[in-house]
Every structure is written in structure tokens, then in C-alpha cells.
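Visitor: As input, take structure-v9.pdb (PDB, C-alpha atoms, pLDDT in the B column):
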ATOM      1  CA  MET A   1      12.187   2.230   5.832  1.00 41.00           C
ATOM      2  CA  SER A   2      14.590   5.164   5.972  1.00 39.00           C
ATOM      3  CA  LYS A   3      13.390   8.576   7.142  1.00 42.00           C
ATOM      4  CA  GLN A   4      16.069  10.463   5.200  1.00 39.00           C
ATOM      5  CA  GLU A   5      14.951  13.254   2.919  1.00 37.00           C
ATOM      6  CA  LEU A   6      15.768  13.028  -0.754  1.00 32.00           C
ATOM      7  CA  VAL A   7      17.875  15.889  -2.047  1.00 33.00           C
ATOM      8  CA  VAL A   8      17.366  16.953  -5.651  1.00 33.00           C
ATOM      9  CA  LEU A   9      20.677  18.078  -7.060  1.00 33.00           C
ATOM     10  CA  GLY A  10      20.774  21.561  -8.555  1.00 35.00           C
ATOM     11  CA  GLN A  11      17.983  22.857  -6.351  1.00 36.00           C
ATOM     12  CA  SER A  12      18.245  24.768  -3.120  1.00 39.00           C
ATOM     13  CA  GLY A  13      16.141  27.043  -0.962  1.00 38.00           C
ATOM     14  CA  VAL A  14      12.741  26.345   0.497  1.00 40.00           C
ATOM     15  CA  ASP A  15      11.060  23.465  -1.343  1.00 42.00           C
ATOM     16  CA  GLY A  16      13.700  23.805  -4.035  1.00 46.00           C
ATOM     17  CA  CYS A  17      11.955  26.868  -5.432  1.00 51.00           C
ATOM     18  CA  CYS A  18      14.454  29.602  -4.742  1.00 57.00           C
ATOM     19  CA  PRO A  19      18.168  29.562  -5.483  1.00 60.00           C
ATOM     20  CA  GLY A  20      20.385  30.307  -2.523  1.00 68.00           C
ATOM     21  CA  LEU A  21      22.203  33.606  -2.288  1.00 71.00           C
ATOM     22  CA  LEU A  22      25.489  31.728  -2.274  1.00 70.00           C
ATOM     23  CA  THR A  23      24.744  29.693  -5.413  1.00 75.00           C
ATOM     24  CA  THR A  24      23.071  32.106  -7.830  1.00 79.00           C
ATOM     25  CA  PRO A  25      23.294  35.896  -8.150  1.00 85.00           C
ATOM     26  CA  LEU A  26      20.074  37.695  -7.272  1.00 84.00           C
ATOM     27  CA  GLY A  27      17.993  39.268  -9.996  1.00 88.00           C
ATOM     28  CA  GLU A  28      17.035  42.922  -9.647  1.00 92.00           C
ATOM     29  CA  GLU A  29      13.400  42.218  -8.719  1.00 91.00           C
ATOM     30  CA  GLN A  30      14.335  39.586  -6.119  1.00 88.00           C
ATOM     31  CA  ALA A  31      16.951  41.926  -4.632  1.00 89.00           C
ATOM     32  CA  VAL A  32      14.393  44.741  -4.290  1.00 91.00           C
ATOM     33  CA  GLU A  33      11.915  42.427  -2.519  1.00 88.00           C
ATOM     34  CA  LEU A  34      14.560  40.979  -0.204  1.00 90.00           C
ATOM     35  CA  ALA A  35      15.888  44.433   0.650  1.00 91.00           C
ATOM     36  CA  LYS A  36      12.439  45.352   2.032  1.00 92.00           C
ATOM     37  CA  VAL A  37      12.510  42.322   4.312  1.00 94.00           C
ATOM     38  CA  PHE A  38      16.067  42.935   5.487  1.00 93.00           C
ATOM     39  CA  LYS A  39      15.326  46.624   6.023  1.00 95.00           C
ATOM     40  CA  ALA A  40      12.355  45.683   8.209  1.00 95.00           C
ATOM     41  CA  LEU A  41      14.610  43.347  10.200  1.00 95.00           C
ATOM     42  CA  GLY A  42      17.343  45.984  10.490  1.00 95.00           C
ATOM     43  CA  ASP A  43      15.675  47.857  13.334  1.00 97.00           C
ATOM     44  CA  PRO A  44      16.119  46.545  16.913  1.00 97.00           C
ATOM     45  CA  VAL A  45      12.519  47.329  17.881  1.00 97.00           C
ATOM     46  CA  ARG A  46      11.118  45.490  14.859  1.00 97.00           C
ATOM     47  CA  LEU A  47      13.461  42.573  15.440  1.00 96.00           C
ATOM     48  CA  ARG A  48      12.268  42.323  19.057  1.00 97.00           C
ATOM     49  CA  LEU A  49       8.637  42.597  17.963  1.00 97.00           C
ATOM     50  CA  LEU A  50       9.109  39.807  15.437  1.00 96.00           C
ATOM     51  CA  SER A  51      10.797  37.657  18.070  1.00 96.00           C
ATOM     52  CA  MET A  52       7.984  38.271  20.555  1.00 97.00           C
ATOM     53  CA  ILE A  53       5.375  37.366  17.945  1.00 97.00           C
ATOM     54  CA  ALA A  54       7.231  34.296  16.655  1.00 95.00           C
ATOM     55  CA  SER A  55       7.987  32.867  20.092  1.00 95.00           C
ATOM     56  CA  ARG A  56       4.500  33.325  21.514  1.00 94.00           C
ATOM     57  CA  GLU A  57       2.901  30.062  22.583  1.00 91.00           C
ATOM     58  CA  GLY A  58      -0.175  29.491  20.468  1.00 90.00           C
ATOM     59  CA  GLY A  59       1.339  31.326  17.536  1.00 90.00           C
ATOM     60  CA  GLU A  60      -0.295  34.719  17.965  1.00 95.00           C
ATOM     61  CA  ILE A  61      -0.154  37.707  20.278  1.00 96.00           C
ATOM     62  CA  CYS A  62      -2.358  40.707  20.987  1.00 95.00           C
ATOM     63  CA  VAL A  63      -0.932  44.168  20.399  1.00 94.00           C
ATOM     64  CA  CYS A  64      -1.942  44.893  23.991  1.00 94.00           C
ATOM     65  CA  ASP A  65       0.761  42.400  25.079  1.00 95.00           C
ATOM     66  CA  LEU A  66       3.402  43.886  22.776  1.00 95.00           C
ATOM     67  CA  THR A  67       3.129  47.589  23.585  1.00 94.00           C
ATOM     68  CA  PRO A  68       4.039  47.461  27.317  1.00 95.00           C
ATOM     69  CA  ALA A  69       7.368  45.753  26.525  1.00 95.00           C
ATOM     70  CA  PHE A  70       8.699  48.960  24.950  1.00 97.00           C
ATOM     71  CA  ASP A  71       9.280  52.496  26.119  1.00 96.00           C
ATOM     72  CA  LEU A  72       7.564  53.764  22.956  1.00 96.00           C
ATOM     73  CA  SER A  73       4.141  55.189  22.197  1.00 94.00           C
ATOM     74  CA  GLN A  74       1.386  52.975  20.828  1.00 92.00           C
ATOM     75  CA  PRO A  75       1.434  54.748  17.426  1.00 95.00           C
ATOM     76  CA  THR A  76       5.183  54.067  17.126  1.00 96.00           C
ATOM     77  CA  ILE A  77       4.672  50.377  17.896  1.00 96.00           C
ATOM     78  CA  SER A  78       1.852  50.285  15.321  1.00 95.00           C
ATOM     79  CA  HIS A  79       4.168  51.843  12.755  1.00 97.00           C
ATOM     80  CA  HIS A  80       6.832  49.184  13.367  1.00 97.00           C
ATOM     81  CA  LEU A  81       4.208  46.427  13.110  1.00 97.00           C
ATOM     82  CA  LYS A  82       2.954  47.937   9.844  1.00 97.00           C
ATOM     83  CA  LEU A  83       6.472  47.772   8.385  1.00 97.00           C
ATOM     84  CA  LEU A  84       6.807  44.123   9.432  1.00 97.00           C
ATOM     85  CA  ARG A  85       3.463  43.397   7.743  1.00 97.00           C
ATOM     86  CA  GLN A  86       4.483  45.228   4.575  1.00 95.00           C
ATOM     87  CA  ALA A  87       7.666  43.141   4.465  1.00 95.00           C
ATOM     88  CA  GLY A  88       5.558  39.967   4.585  1.00 95.00           C
ATOM     89  CA  LEU A  89       6.923  38.799   7.920  1.00 96.00           C
ATOM     90  CA  ILE A  90       3.704  38.955   9.962  1.00 97.00           C
ATOM     91  CA  GLU A  91      -0.028  39.163   9.455  1.00 97.00           C
ATOM     92  CA  CYS A  92      -2.795  40.432  11.699  1.00 97.00           C
ATOM     93  CA  GLU A  93      -6.514  40.356  12.373  1.00 97.00           C
ATOM     94  CA  ARG A  94      -8.703  42.806  14.285  1.00 96.00           C
ATOM     95  CA  ARG A  95     -10.906  41.189  16.939  1.00 95.00           C
ATOM     96  CA  GLY A  96     -13.100  43.764  18.574  1.00 95.00           C
ATOM     97  CA  THR A  97     -10.879  46.577  19.800  1.00 94.00           C
ATOM     98  CA  TRP A  98      -7.646  44.547  19.709  1.00 94.00           C
ATOM     99  CA  VAL A  99      -5.391  43.427  16.870  1.00 95.00           C
ATOM    100  CA  TYR A 100      -3.701  40.018  16.965  1.00 97.00           C
ATOM    101  CA  TYR A 101      -0.444  39.280  15.129  1.00 97.00           C
ATOM    102  CA  TRP A 102       1.212  36.066  13.967  1.00 97.00           C
ATOM    103  CA  LEU A 103       4.368  35.101  12.084  1.00 96.00           C
ATOM    104  CA  LEU A 104       4.277  34.175   8.390  1.00 95.00           C
ATOM    105  CA  PRO A 105       6.790  31.296   8.500  1.00 93.00           C
ATOM    106  CA  GLU A 106       7.005  31.019   4.722  1.00 93.00           C
ATOM    107  CA  THR A 107       8.901  34.325   4.659  1.00 91.00           C
ATOM    108  CA  THR A 108      11.357  33.396   7.401  1.00 90.00           C
ATOM    109  CA  ASP A 109      11.783  29.938   5.832  1.00 90.00           C
ATOM    110  CA  LYS A 110      12.572  31.592   2.488  1.00 89.00           C
ATOM    111  CA  LEU A 111      15.207  33.782   4.187  1.00 89.00           C
ATOM    112  CA  ALA A 112      16.708  30.772   5.935  1.00 88.00           C
ATOM    113  CA  GLY A 113      16.888  28.841   2.660  1.00 85.00           C
ATOM    114  CA  LEU A 114      18.382  31.790   0.862  1.00 85.00           C
ATOM    115  CA  LEU A 115      21.142  32.246   3.440  1.00 84.00           C
ATOM    116  CA  THR A 116      21.982  28.560   3.921  1.00 83.00           C
ATOM    117  CA  ARG A 117      25.229  27.430   2.363  1.00 78.00           C
ATOM    118  CA  PRO A 118      24.835  24.684  -0.244  1.00 74.00           C
ATOM    119  CA  GLY A 119      25.493  21.211   1.094  1.00 68.00           C
ATOM    120  CA  GLN A 120      24.988  22.246   4.714  1.00 60.00           C
ATOM    121  CA  PRO A 121      22.462  20.186   6.675  1.00 60.00           C
ATOM    122  CA  SER A 122      19.489  22.052   8.075  1.00 57.00           C
ATOM    123  CA  ASP A 123      18.829  22.025  11.834  1.00 57.00           C
ATOM    124  CA  THR A 124      16.243  19.252  11.418  1.00 54.00           C
ATOM    125  CA  GLU A 125      18.634  17.098   9.376  1.00 57.00           C
ATOM    126  CA  ALA A 126      21.533  17.647  11.791  1.00 58.00           C
ATOM    127  CA  SER A 127      19.438  16.598  14.809  1.00 56.00           C
ATOM    128  CA  SER A 128      18.152  13.329  13.302  1.00 56.00           C
TER     129      SER A 128
END
When written as C-alpha cells, how does the structure in this file appear?

Guide:
Amino acid sequence: MSKQELVVLGQSGVDGCCPGLLTTPLGEEQAVELAKVFKALGDPVRLRLLSMIASREGGEICVCDLTPAFDLSQPTISHHLKLLRQAGLIECERRGTWVYYWLLPETTDKLAGLLTRPGQPSDTEASS
């Protein structure tokens, strides 16, 4: 039996739910929501924070492991993390005195689907 994925014509994006940026013009509401995400990603500190969170083995990281990596105060790091949360890129949970963060892959997957050119194989398809 073949392990190829079926492609439904006329659909693109993650799970076929969202049209790609290169196939359909964005509506005003979608553009406003996406702008928040791109704005959050437009800062080098936030981009590094997201990368540190996303690449952490086990899928989550304590704020106590994030703060020392930057020459910034703890309140500044907390502010950047808050903006990433508001953009829907990460989520967190307080455990005692520490806060743990993890990536929300559905948001990054949506961005990847939105920016992928139609007809281009994904990384998983290209490697099989």
C-alpha cells in the first residue's frame, strides 16, 4: 500500500483550511491577525526566544533558563514573552515560582502553510 498523501485540488494551507498567501488575497480580518504574529516575530529577541522554546528537548522550557541567555532585565524578557503569547505562538503555565513555556505548533504550521507556494512539496513529502 502506498504511503503517499492525497492532495485535494483547490485547497491549500494547513489541513486545507486556510488559503495560501500566494493563491488568495487576504481578507482584512485575516491580515490584522497575521500582522500581530509577524510583528511579534519581527524582533530579534522574540525570534531568539521562540527558537529557544521551540528547540528545547521535551517541548518546554523554564523562564529561568531563558533569561540568562540575554543581556536584558527579567521584566524585559517577560514583556517579550507576553507579546509572543498574545500572538498565539507560545503558551505558558506557572509551576510554583517558575513559569514554563512551550510552542503552539498550530500557529507556526499555519504560517508555514500560508507562505508555501502552491504545488511545492513540503519538507516531509520531499524527504520521503

Visitor: Would you work out the distance separating atom CA of Leu84 of chain A from atom CA of Leu49 of chain A, expressed in Å to one decimal?

Guide: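 Spanning atom CA of Leu84 of chain A to atom CA of Leu49 of chain A is a straight-line distance of 8.9 Å.
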
Visitor: Give me the residues near segment 90-94 of chain A as a PyMOL selection string, where near means some atom within 10 Å (using only C-alpha atoms) and where sequence neighbours in that chain fewer than 4 positions away do not count.

Guide: chain A and resi 50+53-54+60-63+81-86+98-105+107-108

Visitor: Report, in Å to a single decimal, how far apart atom CA of Val45 of chain A and atom CA of His79 of chain A are.

Guide: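 Atom CA of Val45 of chain A lies 10.8 Å from atom CA of His79 of chain A.
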
Visitor: Choose the residue, out of A:Pro25, A:Pro68, A:Pro75, A:Gly88, that has the smallest atom-to-atom separation from Phe38 of chain A; count all atoms listed in the file.

Guide: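 The answer is A:Gly88, which sits nearest to Phe38 of chain A.
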
Visitor: Using Å and a single decimal, report how far atom CA of Arg95 of chain A sits from atom CA of Lys39 of chain A.

Guide: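 So the two atoms, atom CA of Lys39 of chain A and atom CA of Arg95 of chain A, lie 28.9 Å apart.
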
Visitor: Would you give the centre and edge lengths, in Å to one decimal, of a box along x, y and z around the listed atoms of segment 86-89 of chain A, with 3 Å added to each side, as AutoDock Vina command-line options?

Guide:
--center_x 6.1 --center_y 42.0 --center_z 6.2 --size_x 9.2 --size_y 12.4 --size_z 9.5

Visitor: Check the smallest atom-to-atom distance from each of A:Arg117, A:Leu89, A:Ser78, A:Thr97 to Leu34 of chain A using only C-alpha atoms, then report the winner.

Guide: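 That would be A:Leu89, the residue with the smallest distance to Leu34 of chain A.
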
Visitor: Here is a test: counting all atoms listed in the file, which residue of A:Arg56, A:Glu29, A:Gln74, A:His80 is nearest to Pro44 of chain A?

Guide: A:His80

Visitor: May I ask which of the residues A:Lys110, A:Thr116, A:Arg46, A:Gly58 is the closest one to Thr76 of chain A, counting only C-alpha atoms?

Guide: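 Residue with the minimum atom-to-atom distance to Thr76 of chain A: A:Arg46.
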